[in-house]
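**Student:** Please find target_9.cif (mmCIF, C-alpha atoms and all ligand atoms) on the next line:
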data_my_file
#
loop_
_atom_site.label_atom_id
_atom_site.label_comp_id
_atom_site.auth_asym_id
_atom_site.auth_seq_id
_atom_site.Cartn_x
_atom_site.Cartn_y
_atom_site.Cartn_z
CA MET A 1 -3.23 35.10 16.76
CA GLU A 2 -0.85 34.94 13.80
CA ILE A 3 0.35 31.51 12.66
CA LEU A 4 2.51 30.23 9.80
CA ALA A 5 0.77 27.64 7.64
CA ALA A 6 1.31 25.69 4.42
CA VAL A 7 -1.70 26.71 2.33
CA ALA A 8 -3.19 24.64 -0.50
CA ARG A 9 -4.40 27.24 -3.01
CA ALA A 10 -4.98 25.20 -6.19
CA PRO A 11 -4.92 21.56 -7.33
CA GLN A 12 -1.56 20.16 -8.49
CA THR A 13 0.32 23.22 -7.25
CA GLU A 14 2.81 23.49 -4.42
CA PHE A 15 1.79 24.50 -0.93
CA THR A 16 2.67 28.12 -0.09
CA LEU A 17 3.91 29.20 3.33
CA GLU A 18 1.72 32.06 4.51
CA SER A 19 0.98 34.00 7.63
CA LEU A 20 -2.65 33.45 8.69
CA THR A 21 -4.91 34.60 11.48
CA LEU A 22 -6.28 31.90 13.78
CA ASP A 23 -9.35 32.66 15.85
CA GLY A 24 -9.70 30.44 18.93
CA PRO A 25 -9.80 28.38 21.02
CA GLN A 26 -13.54 28.64 21.54
CA ALA A 27 -15.57 26.39 23.85
CA GLY A 28 -14.55 22.75 23.47
CA GLU A 29 -11.49 23.59 21.35
CA VAL A 30 -7.81 22.96 22.01
CA LEU A 31 -4.97 25.10 20.62
CA VAL A 32 -1.85 23.00 19.98
CA ARG A 33 1.66 24.24 19.16
CA VAL A 34 2.57 21.72 16.47
CA GLU A 35 5.89 19.89 16.91
CA ALA A 36 5.48 17.40 14.05
CA VAL A 37 2.95 16.44 11.39
CA GLY A 38 2.90 13.49 9.03
CA ILE A 39 2.00 13.77 5.35
CA CYS A 40 -0.70 11.31 4.28
CA HIS A 41 -1.91 10.52 0.76
CA THR A 42 -5.28 12.03 1.70
CA ASP A 43 -3.68 15.47 2.09
CA ILE A 44 -2.43 15.40 -1.48
CA ALA A 45 -5.66 13.88 -2.84
CA THR A 46 -7.60 16.65 -1.09
CA ARG A 47 -5.40 19.41 -2.48
CA ASP A 48 -5.83 17.90 -5.94
CA GLY A 49 -9.63 17.88 -5.74
CA ALA A 50 -10.42 14.21 -5.05
CA ILE A 51 -12.15 15.12 -1.80
CA PRO A 52 -14.58 18.05 -1.76
CA VAL A 53 -12.77 20.54 0.48
CA SER A 54 -12.85 24.16 -0.66
CA LEU A 55 -9.53 25.86 -1.34
CA PRO A 56 -7.64 27.74 -0.10
CA ALA A 57 -7.25 25.33 2.79
CA VAL A 58 -4.78 24.29 5.45
CA LEU A 59 -4.54 20.50 5.34
CA GLY A 60 -2.51 18.15 7.56
CA HIS A 61 -4.18 15.52 9.75
CA GLU A 62 -1.42 13.68 11.62
CA GLY A 63 -0.36 16.31 14.15
CA CYS A 64 1.50 16.06 17.43
CA GLY A 65 2.37 18.94 19.74
CA VAL A 66 1.91 20.68 23.04
CA VAL A 67 -1.35 22.19 24.25
CA GLU A 68 -0.99 25.96 24.37
CA ALA A 69 -4.52 26.93 25.46
CA VAL A 70 -7.93 25.34 25.90
CA GLY A 71 -11.43 26.73 25.40
CA ALA A 72 -14.24 26.75 27.94
CA GLY A 73 -15.35 23.36 29.20
CA VAL A 74 -12.26 21.40 28.12
CA THR A 75 -11.22 18.94 30.84
CA LYS A 76 -9.42 16.14 28.94
CA VAL A 77 -6.17 18.10 28.50
CA ALA A 78 -4.53 21.23 29.93
CA PRO A 79 -1.86 23.67 28.69
CA GLY A 80 1.55 21.99 28.69
CA ASP A 81 0.16 18.51 27.90
CA ARG A 82 1.63 16.71 24.91
CA VAL A 83 -1.05 15.45 22.51
CA GLY A 84 -1.40 13.42 19.34
CA ILE A 85 -4.15 14.74 17.06
CA THR A 86 -6.36 12.34 15.13
CA PHE A 87 -9.59 12.35 13.07
CA ALA A 88 -12.68 14.11 14.44
CA SER A 89 -15.88 12.39 15.52
CA CYS A 90 -19.04 13.61 17.26
CA GLY A 91 -19.16 11.31 20.29
CA THR A 92 -22.93 11.05 20.33
CA CYS A 93 -24.08 9.21 17.15
CA PRO A 94 -24.75 5.44 17.24
CA ALA A 95 -21.28 4.61 15.79
CA CYS A 96 -19.44 6.82 18.30
CA VAL A 97 -21.50 5.41 21.17
CA ALA A 98 -20.53 1.90 19.96
CA ASP A 99 -16.78 2.83 20.10
CA SER A 100 -16.54 2.98 16.30
CA PRO A 101 -15.79 6.70 15.87
CA SER A 102 -14.16 6.22 12.45
CA TYR A 103 -17.67 5.45 11.16
CA CYS A 104 -19.11 8.54 12.88
CA HIS A 105 -22.35 9.55 11.18
CA ASN A 106 -21.02 13.12 11.20
CA PHE A 107 -17.58 12.19 9.82
CA MET A 108 -17.89 14.24 6.61
CA PRO A 109 -18.88 17.62 8.10
CA LEU A 110 -16.52 17.26 11.06
CA ASN A 111 -13.45 16.31 9.02
CA TYR A 112 -13.98 18.01 5.65
CA SER A 113 -16.29 21.04 5.94
CA GLY A 114 -13.69 23.23 7.66
CA LEU A 115 -16.45 24.73 9.74
CA ARG A 116 -17.48 24.73 13.36
CA PRO A 117 -21.03 23.57 14.11
CA ASP A 118 -22.04 27.26 14.22
CA GLY A 119 -20.85 27.75 10.62
CA THR A 120 -17.77 29.85 11.37
CA GLY A 121 -14.21 28.88 10.46
CA PRO A 122 -11.08 29.60 12.47
CA LEU A 123 -8.61 30.64 9.72
CA SER A 124 -8.24 33.69 7.50
CA ALA A 125 -5.61 35.41 5.36
CA ASP A 126 -5.95 39.20 5.29
CA GLY A 127 -9.72 38.88 5.66
CA GLU A 128 -10.04 36.07 3.06
CA SER A 129 -11.41 32.93 4.71
CA VAL A 130 -9.20 29.84 4.54
CA THR A 131 -10.59 26.35 5.19
CA GLY A 132 -9.34 25.07 8.55
CA LEU A 133 -10.33 22.25 10.91
CA PHE A 134 -9.34 19.68 8.25
CA PHE A 135 -9.77 16.40 10.13
CA GLY A 136 -10.47 18.64 13.10
CA GLN A 137 -6.91 19.99 13.08
CA SER A 138 -5.36 21.52 9.89
CA SER A 139 -1.94 20.80 11.32
CA PHE A 140 0.28 21.85 8.37
CA ALA A 141 0.98 24.93 10.47
CA THR A 142 2.82 26.20 13.52
CA TYR A 143 -0.43 25.98 15.50
CA SER A 144 -3.40 23.65 15.13
CA LEU A 145 -6.90 24.20 16.43
CA ALA A 146 -8.49 20.86 17.37
CA TRP A 147 -11.48 19.69 19.35
CA GLU A 148 -11.17 18.12 22.76
CA ARG A 149 -12.47 14.84 21.37
CA ASN A 150 -9.75 14.39 18.71
CA VAL A 151 -6.70 15.04 20.86
CA VAL A 152 -5.12 12.20 22.82
CA LYS A 153 -2.68 12.81 25.66
CA VAL A 154 0.66 11.15 24.87
CA PRO A 155 3.96 10.64 26.73
CA ASP A 156 6.74 13.26 26.60
CA ASP A 157 9.57 10.76 26.10
CA VAL A 158 8.59 9.53 22.61
CA PRO A 159 9.59 11.81 19.69
CA ALA A 160 6.76 13.85 18.17
CA ALA A 161 7.80 12.61 14.72
CA ILE A 162 6.99 9.05 15.87
CA ILE A 163 3.65 9.92 17.47
CA ALA A 164 2.35 12.19 14.67
CA PRO A 165 1.76 9.56 11.95
CA ILE A 166 -0.06 7.26 14.37
CA GLY A 167 -2.97 9.72 14.10
CA CYS A 168 -3.95 8.43 10.65
CA GLY A 169 -1.72 6.17 8.53
CA ILE A 170 -0.20 4.01 11.19
CA GLN A 171 -3.34 3.40 13.21
CA THR A 172 -5.09 2.55 9.93
CA GLY A 173 -2.67 -0.25 9.01
CA ALA A 174 -2.22 -1.54 12.54
CA GLY A 175 -5.91 -1.29 13.33
CA ALA A 176 -6.80 -3.25 10.20
CA VAL A 177 -4.98 -6.26 11.71
CA LEU A 178 -5.61 -5.75 15.41
CA ARG A 179 -9.16 -4.38 15.26
CA SER A 180 -10.98 -4.51 11.90
CA LEU A 181 -9.98 -8.05 10.89
CA ASP A 182 -8.87 -9.02 14.40
CA CYS A 183 -6.46 -11.58 12.87
CA ARG A 184 -6.04 -14.79 14.88
CA PRO A 185 -2.60 -15.72 16.26
CA GLY A 186 -1.19 -18.47 14.04
CA SER A 187 -3.20 -17.38 10.99
CA ALA A 188 -1.99 -16.35 7.52
CA LEU A 189 -2.23 -12.76 6.28
CA LEU A 190 -1.56 -11.33 2.82
CA VAL A 191 -0.89 -7.57 2.50
CA ALA A 192 -0.90 -5.77 -0.87
CA GLY A 193 1.36 -2.73 -0.83
CA ALA A 194 4.33 -2.02 1.45
CA GLY A 195 3.81 1.70 1.95
CA SER A 196 3.51 3.05 5.47
CA VAL A 197 -0.03 1.70 5.91
CA GLY A 198 0.80 -1.78 4.59
CA LEU A 199 3.98 -1.99 6.66
CA SER A 200 2.06 -0.90 9.77
CA ALA A 201 -0.21 -3.86 9.10
CA VAL A 202 2.85 -6.10 8.82
CA MET A 203 4.28 -4.87 12.15
CA ALA A 204 0.89 -5.39 13.80
CA ALA A 205 0.63 -8.91 12.34
CA ALA A 206 4.01 -9.71 13.89
CA VAL A 207 2.73 -8.38 17.24
CA ARG A 208 -0.40 -10.54 16.84
CA GLU A 209 1.85 -13.54 16.05
CA CYS A 210 0.34 -14.38 12.69
CA ALA A 211 2.27 -17.44 11.47
CA THR A 212 2.49 -16.45 7.81
CA ILE A 213 2.72 -12.82 6.69
CA ILE A 214 3.04 -12.40 2.92
CA VAL A 215 3.59 -8.98 1.32
CA VAL A 216 2.97 -8.17 -2.35
CA GLU A 217 5.06 -5.20 -3.43
CA PRO A 218 6.76 -4.24 -6.70
CA HIS A 219 9.66 -2.23 -5.18
CA GLU A 220 12.59 -4.29 -3.97
CA SER A 221 13.64 -1.89 -1.17
CA ARG A 222 10.14 -2.07 0.29
CA ARG A 223 10.07 -5.87 0.07
CA THR A 224 13.37 -5.93 1.97
CA LEU A 225 11.98 -3.62 4.67
CA ALA A 226 8.81 -5.75 4.91
CA LEU A 227 10.96 -8.80 5.70
CA GLU A 228 12.82 -6.78 8.32
CA LEU A 229 9.54 -5.72 9.95
CA GLY A 230 8.08 -9.21 10.26
CA ALA A 231 6.92 -10.45 6.86
CA THR A 232 7.68 -14.15 6.45
CA HIS A 233 7.49 -14.01 2.64
CA VAL A 234 7.47 -11.34 -0.06
CA VAL A 235 6.03 -11.54 -3.56
CA ASN A 236 7.03 -9.44 -6.57
CA PRO A 237 4.02 -9.11 -8.89
CA ALA A 238 6.45 -8.91 -11.83
CA ASP A 239 7.41 -12.55 -11.17
CA GLY A 240 4.01 -13.93 -12.20
CA PRO A 241 0.38 -14.10 -11.05
CA VAL A 242 0.23 -13.20 -7.34
CA GLU A 243 -2.26 -15.98 -6.51
CA GLU A 244 0.10 -18.60 -7.97
CA GLN A 245 3.03 -17.23 -5.97
CA VAL A 246 0.94 -17.16 -2.78
CA ARG A 247 -0.33 -20.72 -3.30
CA ALA A 248 3.22 -21.89 -3.86
CA ILE A 249 3.88 -20.68 -0.31
CA LEU A 250 0.55 -21.71 1.18
CA PRO A 251 -1.43 -24.11 -1.06
CA ALA A 252 -4.69 -23.68 0.89
CA GLY A 253 -4.54 -19.88 0.67
CA VAL A 254 -4.51 -17.13 3.29
CA ASP A 255 -7.06 -16.49 6.05
CA TYR A 256 -6.91 -12.70 5.75
CA ALA A 257 -5.98 -10.20 3.04
CA ILE A 258 -5.56 -6.44 3.20
CA ASP A 259 -5.50 -4.17 0.16
CA THR A 260 -3.81 -0.77 0.36
CA SER A 261 -3.73 -0.17 -3.43
CA GLY A 262 -7.36 0.51 -4.31
CA LEU A 263 -6.74 -1.27 -7.63
CA PRO A 264 -9.42 -3.79 -8.72
CA ALA A 265 -6.83 -6.06 -10.41
CA VAL A 266 -4.79 -6.26 -7.19
CA ILE A 267 -7.91 -6.91 -5.11
CA GLY A 268 -8.87 -9.67 -7.55
CA SER A 269 -5.49 -11.36 -7.04
CA LEU A 270 -5.98 -11.17 -3.26
CA ILE A 271 -9.40 -12.83 -3.51
CA LYS A 272 -7.89 -15.64 -5.62
CA SER A 273 -5.23 -16.11 -2.93
CA MET A 274 -7.67 -16.64 -0.06
CA THR A 275 -8.85 -19.80 1.66
CA PHE A 276 -12.46 -20.57 2.55
CA HIS A 277 -14.23 -18.33 5.08
CA GLY A 278 -11.49 -15.70 4.76
CA LYS A 279 -11.75 -12.01 5.48
CA LEU A 280 -10.73 -9.29 3.03
CA GLY A 281 -10.09 -5.76 4.31
CA LEU A 282 -10.15 -2.79 1.93
CA ILE A 283 -8.09 0.26 2.87
CA GLY A 284 -6.79 1.68 -0.44
CA VAL A 285 -8.91 4.43 -1.98
CA PRO A 286 -9.54 3.78 -5.71
CA ALA A 287 -8.40 6.47 -8.13
CA ASP A 288 -11.65 5.83 -10.02
CA PRO A 289 -14.57 6.46 -7.64
CA THR A 290 -16.82 4.18 -9.71
CA ALA A 291 -14.49 1.14 -9.40
CA THR A 292 -16.26 -2.02 -8.18
CA LEU A 293 -15.10 -5.24 -6.53
CA PRO A 294 -13.91 -8.04 -8.85
CA LEU A 295 -15.92 -10.63 -6.90
CA SER A 296 -18.69 -12.72 -8.38
CA ILE A 297 -21.69 -13.61 -6.23
CA LEU A 298 -20.93 -17.30 -6.77
CA GLU A 299 -17.33 -16.83 -5.64
CA ALA A 300 -18.52 -14.95 -2.55
CA LEU A 301 -20.97 -17.75 -1.72
CA VAL A 302 -18.63 -20.66 -2.31
CA LEU A 303 -15.69 -19.04 -0.49
CA GLY A 304 -17.85 -17.76 2.36
CA ILE A 305 -15.78 -14.63 2.14
CA THR A 306 -16.27 -11.53 4.31
CA VAL A 307 -15.36 -8.20 2.72
CA THR A 308 -15.01 -5.19 4.95
CA GLY A 309 -14.15 -1.59 4.21
CA ILE A 310 -11.75 -0.10 6.74
CA VAL A 311 -11.59 3.54 7.85
CA GLU A 312 -8.80 4.56 10.25
CA GLY A 313 -8.30 0.91 11.22
CA ASP A 314 -11.55 0.94 13.26
CA SER A 315 -9.45 2.81 15.80
CA ASP A 316 -10.87 4.20 19.00
CA PRO A 317 -7.95 6.65 19.31
CA ASP A 318 -8.22 7.31 23.05
CA SER A 319 -7.25 3.71 23.73
CA PHE A 320 -5.57 2.58 20.50
CA MET A 321 -3.02 5.40 20.07
CA PRO A 322 -1.56 4.84 23.58
CA GLU A 323 -1.53 1.09 22.87
CA LEU A 324 0.58 1.62 19.73
CA ILE A 325 2.91 4.09 21.50
CA GLU A 326 3.45 1.47 24.23
CA LEU A 327 4.24 -1.18 21.59
CA TYR A 328 6.76 1.24 20.02
CA ARG A 329 8.38 1.85 23.42
CA SER A 330 8.71 -1.88 24.01
CA GLY A 331 10.52 -2.27 20.66
CA ARG A 332 7.79 -4.42 19.10
CA PHE A 333 6.40 -1.79 16.73
CA PRO A 334 9.35 0.11 15.17
CA ILE A 335 7.57 3.12 13.64
CA ASP A 336 10.98 4.82 13.28
CA LYS A 337 11.77 2.46 10.37
CA LEU A 338 8.96 4.11 8.37
CA VAL A 339 9.58 7.77 9.19
CA THR A 340 11.79 10.35 7.44
CA THR A 341 11.73 13.85 8.91
CA PHE A 342 11.86 17.13 6.96
CA PRO A 343 11.87 20.72 8.23
CA PHE A 344 8.33 22.14 8.04
CA ALA A 345 9.34 24.68 5.38
CA LYS A 346 10.41 21.80 3.10
CA ILE A 347 6.85 20.45 2.77
CA ASN A 348 6.93 20.47 -1.05
CA ASP A 349 10.29 18.66 -1.12
CA ALA A 350 8.90 16.06 1.30
CA ILE A 351 5.90 15.42 -0.96
CA GLU A 352 8.19 15.10 -3.99
CA ALA A 353 10.46 12.65 -2.16
CA GLN A 354 7.45 10.51 -1.23
CA HIS A 355 6.12 10.72 -4.79
CA ARG A 356 9.47 9.45 -6.09
CA GLY A 357 9.25 6.53 -3.66
CA GLU A 358 12.34 7.65 -1.71
CA VAL A 359 10.52 7.90 1.62
CA LEU A 360 7.65 5.93 3.13
CA LYS A 361 6.25 8.38 5.65
CA PRO A 362 7.48 11.96 5.50
CA VAL A 363 6.99 13.82 8.77
CA LEU A 364 7.44 17.60 8.98
CA VAL A 365 9.07 18.92 12.14
CA HIS A 366 9.29 22.44 13.53
CA ASP A 367 12.55 23.76 14.99
ZN ZN B 1 -20.33 10.27 15.82
ZN ZN B 2 -4.62 10.05 6.45
#
Using structure tokens, write down the structure from this file.
Ligand SMILES: [Zn+2]
Ligand SMILES: [Zn+2]
**Tutor:**
Amino acid sequence: MEILAAVARAPQTEFTLESLTLDGPQAGEVLVRVEAVGICHTDIATRDGAIPVSLPAVLGHEGCGVVEAVGAGVTKVAPGDRVGITFASCGTCPACVADSPSYCHNFMPLNYSGLRPDGTGPLSADGESVTGLFFGQSSFATYSLAWERNVVKVPDDVPAAIIAPIGCGIQTGAGAVLRSLDCRPGSALLVAGAGSVGLSAVMAAAVRECATIIVVEPHESRRTLALELGATHVVNPADGPVEEQVRAILPAGVDYAIDTSGLPAVIGSLIKSMTFHGKLGLIGVPADPTATLPLSILEALVLGITVTGIVEGDSDPDSFMPELIELYRSGRFPIDKLVTTFPFAKINDAIEAQHRGEVLKPVLVHD
């Protein structure tokens, strides 16, 4: 079938809207008419060459839409069902079997190779092959081809633009608090960065009833929004060393810290802000792939610190996405405060607006 897609053709260049041919659904695949898709930093980093995906490619990995057709053997969803689309996982490796699909041993080929297990790809442009199946979906398009395992049935009464970003950014921030670190009620959490991931962590910490939620963020508008979403304190790094500002609020230091910046200097200030036996969660991807942790062995020993890397918030999407949608419906997890919608054709404008810091989570919607 013919679809319209935003194609990444070269690093640092705008996406181009093109008509492509989509071949599928084959056995185990689900064809989804996309209603909305979030833009995540990973899409841009991939276009710009930070992640080895061959161009031209259709990116997009926070899709939501309606199932149009299913391939042989698919039983989880049927045509007409509304689905959120999330990252792909195999379902059979030790991590998947242990309900940790974001650490799937086959994560790289399933999410980045653009190929089916048989080596074919679903997308082409006038005979030229185009990388599809990005995160098992390539949803910067009118139609997305996903696998049964990475679609999750979702309710019809919640806007697609709210559900779409749960598939990556929002479940990552919320899962960091509710699953990866499993923050205790009454505890103190420090979050570096009030982008959509950091603010999802803040909303989740409010749900978990953390007593102290401190956000480090240089932009005033984002600090204000953090307070609105449940932060008890905000810190502007321009006002002095972060650890001194945090210890002025909480002399003993925080129990948990989450980094969304990927910057060693920021991570160092989080470590200096933590109490004994604390847990540090790392979400932000460093711009420099060789960057290392600013943590001495002695410091690690004396503090009894636990450091954990976090992928997709340790989400098991089949249960966690519905849990977050339910929290949104009950008014306790206001995703709408993070989302700005753009028409699908305005994808390059949406990316620019996010780059300028005008929007937190751009979501593209189809008419
Ligand atoms: Zn797996
Ligand atoms: Zn993402």
**Student:** Name each residue within 8 Å of ligand ZN 1 (chain B), counting all atoms listed in the file, as a VMD selection string.
**Tutor:** chain A and resid 89 to 97 101 103 to 107
**Student:** Sorted by chain and rising residue number, list the residues of chain A at most 8 Å from ligand ZN 2 (chain B) (counting all atoms listed in the file), each with its closest atom pair and distance in Å to one decimal, as a tab-separated table.
**Tutor:**
residue	atom	partner	partner_atom	distance
A:Ile39	CA	B:ZN2	ZN	7.7
A:Cys40	CA	B:ZN2	ZN	4.7
A:His41	CA	B:ZN2	ZN	6.3
A:Thr42	CA	B:ZN2	ZN	5.2
A:Asp43	CA	B:ZN2	ZN	7.0
A:His61	CA	B:ZN2	ZN	6.4
A:Glu62	CA	B:ZN2	ZN	7.1
A:Gly167	CA	B:ZN2	ZN	7.8
A:Cys168	CA	B:ZN2	ZN	4.6
A:Gly169	CA	B:ZN2	ZN	5.3
A:Glu312	CA	B:ZN2	ZN	7.9
**Student:** Find the residue from A:Glu299, A:Asp318, A:Glu358, A:Glu228 that sits nearest to Val83 (chain A); use all atoms listed in the file when measuring.
**Tutor:**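 Closest to Val83 (chain A), using all atoms listed in the file: A:Asp318.
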**Student:** To one decimal place in Å, what is the distance between CA of Ser296 (chain A) and CA of Thr275 (chain A)?
**Tutor:** 15.7 Å
**Student:** Out of A:Ala88, A:Val67, A:Val266, A:Ala238, which residue has the shortest atom-to-atom distance to Gly193 (chain A) when counting only C-alpha atoms?
**Tutor:**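 Ranking A:Ala88, A:Val67, A:Val266, A:Ala238 by distance to Gly193 (chain A), first place goes to A:Val266.
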**Student:** Hey, can you check how far CA of Glu29 (chain A) sits from CA of Ala72 (chain A)?
**Tutor:**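 Those two atoms sit 7.8 Å apart.
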**Student:** Determine, for each residue of region 26-111 of chain A having at least one atom at most 7 Å from an atom of region 154-166 of chain A, the closest pair of atoms and their separation in Å to one decimal, counting all atoms listed in the file; order by chain and ascending number, as a tab-separated table.
**Tutor:**
residue	atom	partner	partner_atom	distance
A:Glu35	CA	A:Ala160	CA	6.2
A:Ala36	CA	A:Ala161	CA	5.4
A:Val37	CA	A:Ala164	CA	5.4
A:Gly38	CA	A:Pro165	CA	5.0
A:Glu62	CA	A:Ala164	CA	5.1
A:Gly63	CA	A:Ala164	CA	5.0
A:Cys64	CA	A:Ala164	CA	4.8
A:Gly65	CA	A:Ala160	CA	6.9
A:Arg82	CA	A:Val154	CA	5.6
A:Val83	CA	A:Val154	CA	5.2
A:Gly84	CA	A:Ala164	CA	6.1
**Student:** Rounded to one decimal in Å, what is the spacing between CA of Ile249 (chain A) and CA of Phe276 (chain A)?
**Tutor:**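 So the two atoms, CA of Ile249 (chain A) and CA of Phe276 (chain A), lie 16.6 Å apart.
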**Student:** Around (-8.0, 32.0, 10.8) in the file's own coordinates, what residues are found within 8 Å if you use all atoms listed in the file, given back as a ChimeraX atom specification?
**Tutor:** /A:20-23,121-125,129-130,132
**Student:** Between A:Asn150, A:Gln245, A:Gln26, A:Ser138, single out the one closest to Lys76 (chain A), counting all atoms listed in the file.
**Tutor:**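 Ranked by minimum distance to Lys76 (chain A), first place goes to A:Asn150.
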